[in-house]
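Next comes run_10.csv, with CSV, N, CA and C atoms.
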```
chain,number,residue,atom,x,y,z
A,1,MET,N,67.2,61.5,90.9
A,1,MET,CA,67.2,62.9,91.4
A,1,MET,C,66.5,63.7,90.3
A,2,ASN,N,65.4,64.4,90.8
A,2,ASN,CA,64.7,65.3,89.9
A,2,ASN,C,65.3,66.6,89.6
A,3,MET,N,64.8,67.4,88.7
A,3,MET,CA,65.4,68.6,88.3
A,3,MET,C,65.5,69.6,89.5
A,4,GLN,N,64.5,69.7,90.3
A,4,GLN,CA,64.5,70.6,91.4
A,4,GLN,C,65.6,70.3,92.4
A,5,GLN,N,65.7,69.0,92.7
A,5,GLN,CA,66.8,68.5,93.6
A,5,GLN,C,68.2,68.8,93.0
A,6,MET,N,68.3,68.7,91.7
A,6,MET,CA,69.6,69.0,91.1
A,6,MET,C,69.9,70.5,91.2
A,7,VAL,N,68.9,71.3,91.0
A,7,VAL,CA,69.1,72.8,91.1
A,7,VAL,C,69.5,73.1,92.6
A,8,GLN,N,68.8,72.5,93.5
A,8,GLN,CA,69.1,72.8,94.9
A,8,GLN,C,70.5,72.3,95.3
A,9,ALA,N,70.9,71.2,94.8
A,9,ALA,CA,72.2,70.7,95.1
A,9,ALA,C,73.3,71.6,94.5
A,10,MET,N,73.0,72.1,93.3
A,10,MET,CA,73.9,73.0,92.7
A,10,MET,C,74.0,74.3,93.4
A,11,GLN,N,72.9,74.8,93.9
A,11,GLN,CA,72.9,76.0,94.6
A,11,GLN,C,73.7,75.9,96.0
A,12,LYS,N,73.5,74.7,96.6
A,12,LYS,CA,74.2,74.5,97.8
A,12,LYS,C,75.7,74.4,97.6
A,13,LEU,N,76.1,73.7,96.5
A,13,LEU,CA,77.5,73.6,96.2
A,13,LEU,C,78.1,75.0,95.9
A,14,GLN,N,77.3,75.8,95.2
A,14,GLN,CA,77.8,77.2,94.8
A,14,GLN,C,78.0,78.0,96.1
A,15,ARG,N,77.0,77.9,97.1
A,15,ARG,CA,77.2,78.6,98.3
A,15,ARG,C,78.4,78.1,99.1
A,16,GLN,N,78.6,76.8,99.1
A,16,GLN,CA,79.8,76.3,99.8
A,16,GLN,C,81.1,76.8,99.1
A,17,TYR,N,81.1,76.8,97.8
A,17,TYR,CA,82.3,77.3,97.1
A,17,TYR,C,82.5,78.8,97.4
A,18,GLU,N,81.5,79.6,97.4
A,18,GLU,CA,81.6,81.0,97.7
A,18,GLU,C,82.1,81.3,99.1
A,19,LYS,N,81.6,80.5,100.0
A,19,LYS,CA,82.1,80.6,101.4
A,19,LYS,C,83.6,80.3,101.5
A,20,GLU,N,84.0,79.2,100.9
A,20,GLU,CA,85.4,78.8,101.0
A,20,GLU,C,86.3,79.7,100.2
A,21,HIS,N,85.8,80.2,99.1
A,21,HIS,CA,86.6,81.2,98.3
A,21,HIS,C,86.8,82.5,99.1
A,22,LYS,N,85.8,82.9,99.8
A,22,LYS,CA,85.9,84.1,100.7
A,22,LYS,C,87.0,83.9,101.8
A,23,LEU,N,87.0,82.7,102.4
A,23,LEU,CA,88.0,82.4,103.3
A,23,LEU,C,89.4,82.4,102.7
A,24,LEU,N,89.5,81.9,101.5
A,24,LEU,CA,90.8,81.9,100.8
A,24,LEU,C,91.2,83.3,100.5
A,25,GLU,N,90.3,84.2,100.1
A,25,GLU,CA,90.7,85.6,99.9
A,25,GLU,C,91.2,86.3,101.1
A,26,GLU,N,90.8,85.9,102.3
A,26,GLU,CA,91.2,86.5,103.6
A,26,GLU,C,92.5,85.9,104.1
A,27,LYS,N,92.8,84.7,103.7
A,27,LYS,CA,93.9,83.9,104.2
A,27,LYS,C,95.2,84.7,103.8
A,28,GLU,N,96.2,84.6,104.7
A,28,GLU,CA,97.5,85.3,104.4
A,28,GLU,C,98.5,84.2,103.9
A,29,PHE,N,99.2,84.6,102.9
A,29,PHE,CA,100.3,83.8,102.3
A,29,PHE,C,101.6,84.5,102.4
A,30,THR,N,102.6,83.8,102.8
A,30,THR,CA,103.9,84.4,103.0
A,30,THR,C,105.0,83.6,102.3
A,31,ASN,N,105.9,84.4,101.7
A,31,ASN,CA,107.0,83.8,100.9
A,31,ASN,C,108.3,84.6,101.2
A,32,THR,N,109.4,83.9,101.4
A,32,THR,CA,110.7,84.5,101.6
A,32,THR,C,111.6,84.2,100.5
A,33,ALA,N,112.2,85.2,99.9
A,33,ALA,CA,113.1,85.0,98.8
A,33,ALA,C,114.6,85.0,99.3
A,34,ASN,N,115.2,83.9,99.2
A,34,ASN,CA,116.7,83.8,99.5
A,34,ASN,C,117.0,84.3,100.9
A,35,GLY,N,116.1,84.2,101.8
A,35,GLY,CA,116.3,84.6,103.2
A,35,GLY,C,116.5,86.1,103.3
A,36,ALA,N,116.2,86.8,102.3
A,36,ALA,CA,116.5,88.3,102.3
A,36,ALA,C,115.3,89.2,102.4
A,37,VAL,N,114.2,88.7,101.8
A,37,VAL,CA,112.9,89.5,101.8
A,37,VAL,C,111.7,88.6,102.0
A,38,THR,N,110.8,89.0,102.9
A,38,THR,CA,109.6,88.3,103.1
A,38,THR,C,108.4,89.2,102.6
A,39,VAL,N,107.5,88.6,101.8
A,39,VAL,CA,106.3,89.2,101.4
A,39,VAL,C,105.1,88.4,101.9
A,40,THR,N,104.2,89.2,102.4
A,40,THR,CA,102.9,88.6,102.9
A,40,THR,C,101.8,89.2,102.1
A,41,MET,N,100.9,88.4,101.6
A,41,MET,CA,99.8,88.8,100.8
A,41,MET,C,98.5,88.1,101.2
A,42,LYS,N,97.4,88.7,101.0
A,42,LYS,CA,96.1,88.0,101.2
A,42,LYS,C,95.8,87.2,99.9
A,43,GLY,N,94.9,86.3,100.0
A,43,GLY,CA,94.5,85.5,98.9
A,43,GLY,C,93.8,86.3,97.8
A,44,ASN,N,93.3,87.5,98.1
A,44,ASN,CA,92.8,88.4,97.1
A,44,ASN,C,93.8,89.3,96.4
A,45,LEU,N,95.1,88.9,96.7
A,45,LEU,CA,96.3,89.6,96.1
A,45,LEU,C,96.6,91.0,96.7
A,46,ASP,N,95.9,91.3,97.8
A,46,ASP,CA,96.3,92.5,98.6
A,46,ASP,C,97.6,92.3,99.3
A,47,MET,N,98.5,93.3,99.2
A,47,MET,CA,99.8,93.2,99.9
A,47,MET,C,99.6,93.5,101.3
A,48,VAL,N,100.1,92.6,102.2
A,48,VAL,CA,100.0,92.9,103.7
A,48,VAL,C,101.2,93.5,104.2
A,49,SER,N,102.4,92.9,103.8
A,49,SER,CA,103.7,93.5,104.3
A,49,SER,C,104.8,93.0,103.4
A,50,ILE,N,105.9,93.8,103.5
A,50,ILE,CA,107.2,93.5,102.9
A,50,ILE,C,108.2,93.7,104.0
A,51,GLU,N,109.0,92.6,104.3
A,51,GLU,CA,110.0,92.7,105.4
A,51,GLU,C,111.4,92.5,104.8
A,52,ILE,N,112.3,93.4,105.0
A,52,ILE,CA,113.6,93.3,104.5
A,52,ILE,C,114.4,92.6,105.6
A,53,LEU,N,114.9,91.4,105.4
A,53,LEU,CA,115.6,90.6,106.4
A,53,LEU,C,117.1,90.8,106.3
A,54,ASP,N,117.6,91.3,105.2
A,54,ASP,CA,119.0,91.5,104.9
A,54,ASP,C,119.3,93.0,104.7
A,55,ASP,N,119.8,93.7,105.7
A,55,ASP,CA,120.0,95.1,105.6
A,55,ASP,C,121.0,95.5,104.5
A,56,ASP,N,121.8,94.6,104.1
A,56,ASP,CA,122.8,94.9,103.0
A,56,ASP,C,122.0,95.2,101.7
A,57,LEU,N,120.8,94.6,101.6
A,57,LEU,CA,120.0,94.9,100.3
A,57,LEU,C,119.6,96.3,100.2
A,58,LEU,N,119.5,97.0,101.3
A,58,LEU,CA,119.2,98.4,101.3
A,58,LEU,C,120.2,99.3,100.5
A,59,LYS,N,121.4,98.7,100.4
A,59,LYS,CA,122.4,99.4,99.7
A,59,LYS,C,122.4,99.0,98.2
A,60,GLU,N,121.8,97.9,97.9
A,60,GLU,CA,121.8,97.4,96.5
A,60,GLU,C,120.3,97.4,96.0
A,61,LYS,N,119.9,98.5,95.4
A,61,LYS,CA,118.6,98.7,95.0
A,61,LYS,C,118.1,97.6,94.0
A,62,GLU,N,118.9,97.3,93.0
A,62,GLU,CA,118.5,96.3,92.0
A,62,GLU,C,118.3,94.9,92.7
A,63,ASP,N,119.1,94.5,93.6
A,63,ASP,CA,119.0,93.2,94.3
A,63,ASP,C,117.7,93.2,95.2
A,64,LEU,N,117.5,94.4,95.8
A,64,LEU,CA,116.3,94.5,96.7
A,64,LEU,C,115.0,94.3,95.8
A,65,VAL,N,115.0,95.0,94.7
A,65,VAL,CA,113.8,94.9,93.9
A,65,VAL,C,113.6,93.5,93.4
A,66,GLU,N,114.7,92.8,93.0
A,66,GLU,CA,114.6,91.4,92.5
A,66,GLU,C,114.1,90.5,93.6
A,67,MET,N,114.6,90.7,94.9
A,67,MET,CA,114.1,89.8,96.0
A,67,MET,C,112.6,90.1,96.3
A,68,ILE,N,112.2,91.3,96.2
A,68,ILE,CA,110.8,91.6,96.4
A,68,ILE,C,109.9,90.9,95.3
A,69,LYS,N,110.4,91.0,94.1
A,69,LYS,CA,109.6,90.4,93.0
A,69,LYS,C,109.6,88.9,93.2
A,70,LEU,N,110.7,88.3,93.6
A,70,LEU,CA,110.7,86.8,93.8
A,70,LEU,C,109.8,86.4,94.9
A,71,ALA,N,109.8,87.1,96.0
A,71,ALA,CA,108.9,86.8,97.1
A,71,ALA,C,107.5,87.0,96.7
A,72,TYR,N,107.2,88.1,96.0
A,72,TYR,CA,105.8,88.4,95.6
A,72,TYR,C,105.3,87.3,94.7
A,73,ASN,N,106.1,86.9,93.7
A,73,ASN,CA,105.7,85.8,92.8
A,73,ASN,C,105.6,84.5,93.5
A,74,GLY,N,106.3,84.3,94.5
A,74,GLY,CA,106.2,83.0,95.3
A,74,GLY,C,104.8,83.0,96.0
A,75,CYS,N,104.4,84.2,96.5
A,75,CYS,CA,103.1,84.3,97.2
A,75,CYS,C,102.0,84.1,96.1
A,76,LYS,N,102.1,84.7,95.0
A,76,LYS,CA,101.1,84.5,93.9
A,76,LYS,C,101.0,83.1,93.5
A,77,GLU,N,102.1,82.4,93.5
A,77,GLU,CA,102.0,81.0,93.1
A,77,GLU,C,101.3,80.2,94.2
A,78,GLN,N,101.5,80.5,95.4
A,78,GLN,CA,100.8,79.8,96.5
A,78,GLN,C,99.3,80.0,96.4
A,79,ILE,N,99.0,81.3,96.1
A,79,ILE,CA,97.6,81.7,96.0
A,79,ILE,C,96.9,81.0,94.8
A,80,ASN,N,97.6,80.9,93.7
A,80,ASN,CA,97.1,80.2,92.5
A,80,ASN,C,96.9,78.8,92.8
A,81,ASP,N,97.8,78.2,93.5
A,81,ASP,CA,97.7,76.7,93.8
A,81,ASP,C,96.5,76.5,94.7
A,82,ALA,N,96.3,77.4,95.7
A,82,ALA,CA,95.2,77.2,96.6
A,82,ALA,C,93.9,77.4,95.9
A,83,GLU,N,93.8,78.3,94.9
A,83,GLU,CA,92.6,78.5,94.1
A,83,GLU,C,92.3,77.3,93.3
A,84,GLU,N,93.4,76.8,92.7
A,84,GLU,CA,93.2,75.6,91.8
A,84,GLU,C,92.7,74.4,92.7
A,85,ALA,N,93.3,74.2,93.9
A,85,ALA,CA,92.8,73.1,94.7
A,85,ALA,C,91.4,73.3,95.1
A,86,LEU,N,91.0,74.5,95.4
A,86,LEU,CA,89.6,74.8,95.8
A,86,LEU,C,88.7,74.5,94.6
A,87,ALA,N,89.0,74.9,93.4
A,87,ALA,CA,88.2,74.6,92.2
A,87,ALA,C,88.2,73.1,91.9
A,88,ASP,N,89.3,72.4,92.1
A,88,ASP,CA,89.3,71.0,91.8
A,88,ASP,C,88.4,70.3,92.8
A,89,LYS,N,88.4,70.7,94.1
A,89,LYS,CA,87.6,70.1,95.1
A,89,LYS,C,86.1,70.2,94.7
A,90,PHE,N,85.7,71.3,94.2
A,90,PHE,CA,84.3,71.5,93.9
A,90,PHE,C,83.9,70.8,92.5
A,91,GLN,N,84.9,70.8,91.6
A,91,GLN,CA,84.6,70.1,90.4
A,91,GLN,C,84.4,68.6,90.6
A,92,GLN,N,85.2,68.0,91.5
A,92,GLN,CA,85.1,66.6,91.9
A,92,GLN,C,83.8,66.3,92.5
A,93,ALA,N,83.4,67.3,93.4
A,93,ALA,CA,82.0,67.1,94.1
A,93,ALA,C,80.9,67.2,93.0
A,94,ASN,N,81.1,68.0,92.0
A,94,ASN,CA,80.0,68.1,91.0
A,94,ASN,C,80.0,66.9,90.1
A,95,ARG,N,81.2,66.3,89.8
A,95,ARG,CA,81.2,65.1,89.0
A,95,ARG,C,80.5,64.0,89.7
A,96,LYS,N,80.6,63.9,91.0
A,96,LYS,CA,80.0,62.9,91.8
A,96,LYS,C,78.5,63.1,91.8
A,97,GLY,N,78.0,64.4,91.7
A,97,GLY,CA,76.6,64.7,91.7
A,97,GLY,C,76.0,64.5,90.3
A,98,GLY,N,76.9,64.4,89.3
A,98,GLY,CA,76.5,64.2,87.9
A,98,GLY,C,76.1,65.4,87.1
A,99,PHE,N,76.5,66.6,87.6
A,99,PHE,CA,76.3,67.8,86.7
A,99,PHE,C,77.5,68.6,86.7
A,100,PRO,N,77.7,69.3,85.5
A,100,PRO,CA,79.0,70.0,85.3
A,100,PRO,C,79.0,71.3,86.1
A,101,PHE,N,80.2,71.8,86.4
A,101,PHE,CA,80.3,73.1,87.2
A,101,PHE,C,80.9,74.1,86.2
```
Starting from the file, give its structure as structure tokens.
Amino acid sequence: MNMQQMVQAMQKLQRQYEKEHKLLEEKEFTNTANGAVTVTMKGNLDMVSIEILDDDLLKEKEDLVEMIKLAYNGCKEQINDAEEALADKFQQANRKGGFPF
């Protein structure tokens, strides 16, 4: 593989990564904390919704806040895992091509 072919392959891989990363940013991730609160976020960390499933939490402010934080952090973890999986996918493709990413 000559230098021009390597550059073209790298550019193609970069375009594929950007396309898939954009899809990841638009994907919605949902997490429910203890069956009480559900948070939905996009992959770019924009909050889509918060749903209170347990009306008793409306009386317990501290518990409600804690459930929201747990659900939010669960969504963030899902998003981080998805980003890592995407990065790993393209790093493996680059290793097969013989050039670092």
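Across the structure, atom CA of A:Lys42 and atom CA of A:Ala71 are spaced 13.5 Å apart.
The interatomic distance for the pair atom N of A:Leu70 and atom N of A:Leu53 works out to 12.9 Å.
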So the first atom is atom N of A:Val65 and the second is atom N of A:Glu51; what is the distance between them in Å, to one decimal place?
11.6 Å
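Taking the backbone of this structure through DSSP, the residues of stretch 16-53 of chain A that come out as strand (DSSP E or B) are Glu28, Phe29, Thr30, Asn31, Thr32, Ala33, Val37, Thr38, Val39, Thr40, Met41, Lys42, Met47, Val48, Ser49, Ile50, Glu51 and Ile52 of chain A.
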Under the rule that only C-alpha atoms are counted, which of A:Ala36, A:Leu24, A:Ser49, A:Glu77 is the nearest residue to A:Leu64?
A:Ala36
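Of the listed residues (A:Thr30, A:Asp63, A:Asn2, A:His21), A:Thr30 comes nearest to A:Gln78; the distances count all atoms listed in the file.
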Select, from A:Ala93, A:Leu57, A:Met6, A:Cys75, the residue with the minimum atom-to-atom distance to A:Thr40, counting all atoms listed in the file.
A:Cys75
For A:Gly74, the nearest of the candidates A:Gln5, A:Gln11, A:Thr38, A:Gln16, counting only C-alpha atoms:
A:Thr38
Give me every alpha helix (DSSP H) residue in chain A, going by DSSP on the backbone, as JSON, numbers by chain.
{"A": [3, 4, 5, 6, 7, 8, 9, 10, 11, 12, 13, 14, 15, 16, 17, 18, 19, 20, 21, 22, 23, 24, 25, 26, 61, 62, 63, 64, 65, 66, 67, 68, 69, 70, 71, 72, 73, 74, 75, 76, 77, 78, 79, 80, 81, 82, 83, 84, 85, 86, 87, 88, 89, 90, 91, 92, 93, 94, 95, 96, 97]}
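Each of A:Met67, A:Met3, A:Ala87, A:Ile52 was compared to A:Asn34 using all atoms listed in the file, and A:Met67 turns out to be the nearest.
Candidate residues A:Leu86, A:Gln4, A:Val48, A:Gln92 were compared for distance to A:Asn31, and the nearest is A:Val48, using only C-alpha atoms.
Close to (95.8, 75.6, 99.1), meaning no more than 12 Å away when counting only C-alpha atoms, sit the residues Glu20, His21, Leu23, Leu24, Glu25, Lys27, Glu28, Phe29, Gly43, Cys75, Lys76, Glu77, Gln78, Ile79, Asn80, Asp81, Ala82, Glu83, Glu84, Ala85, Leu86, Ala87, Asp88 and Lys89 of chain A.
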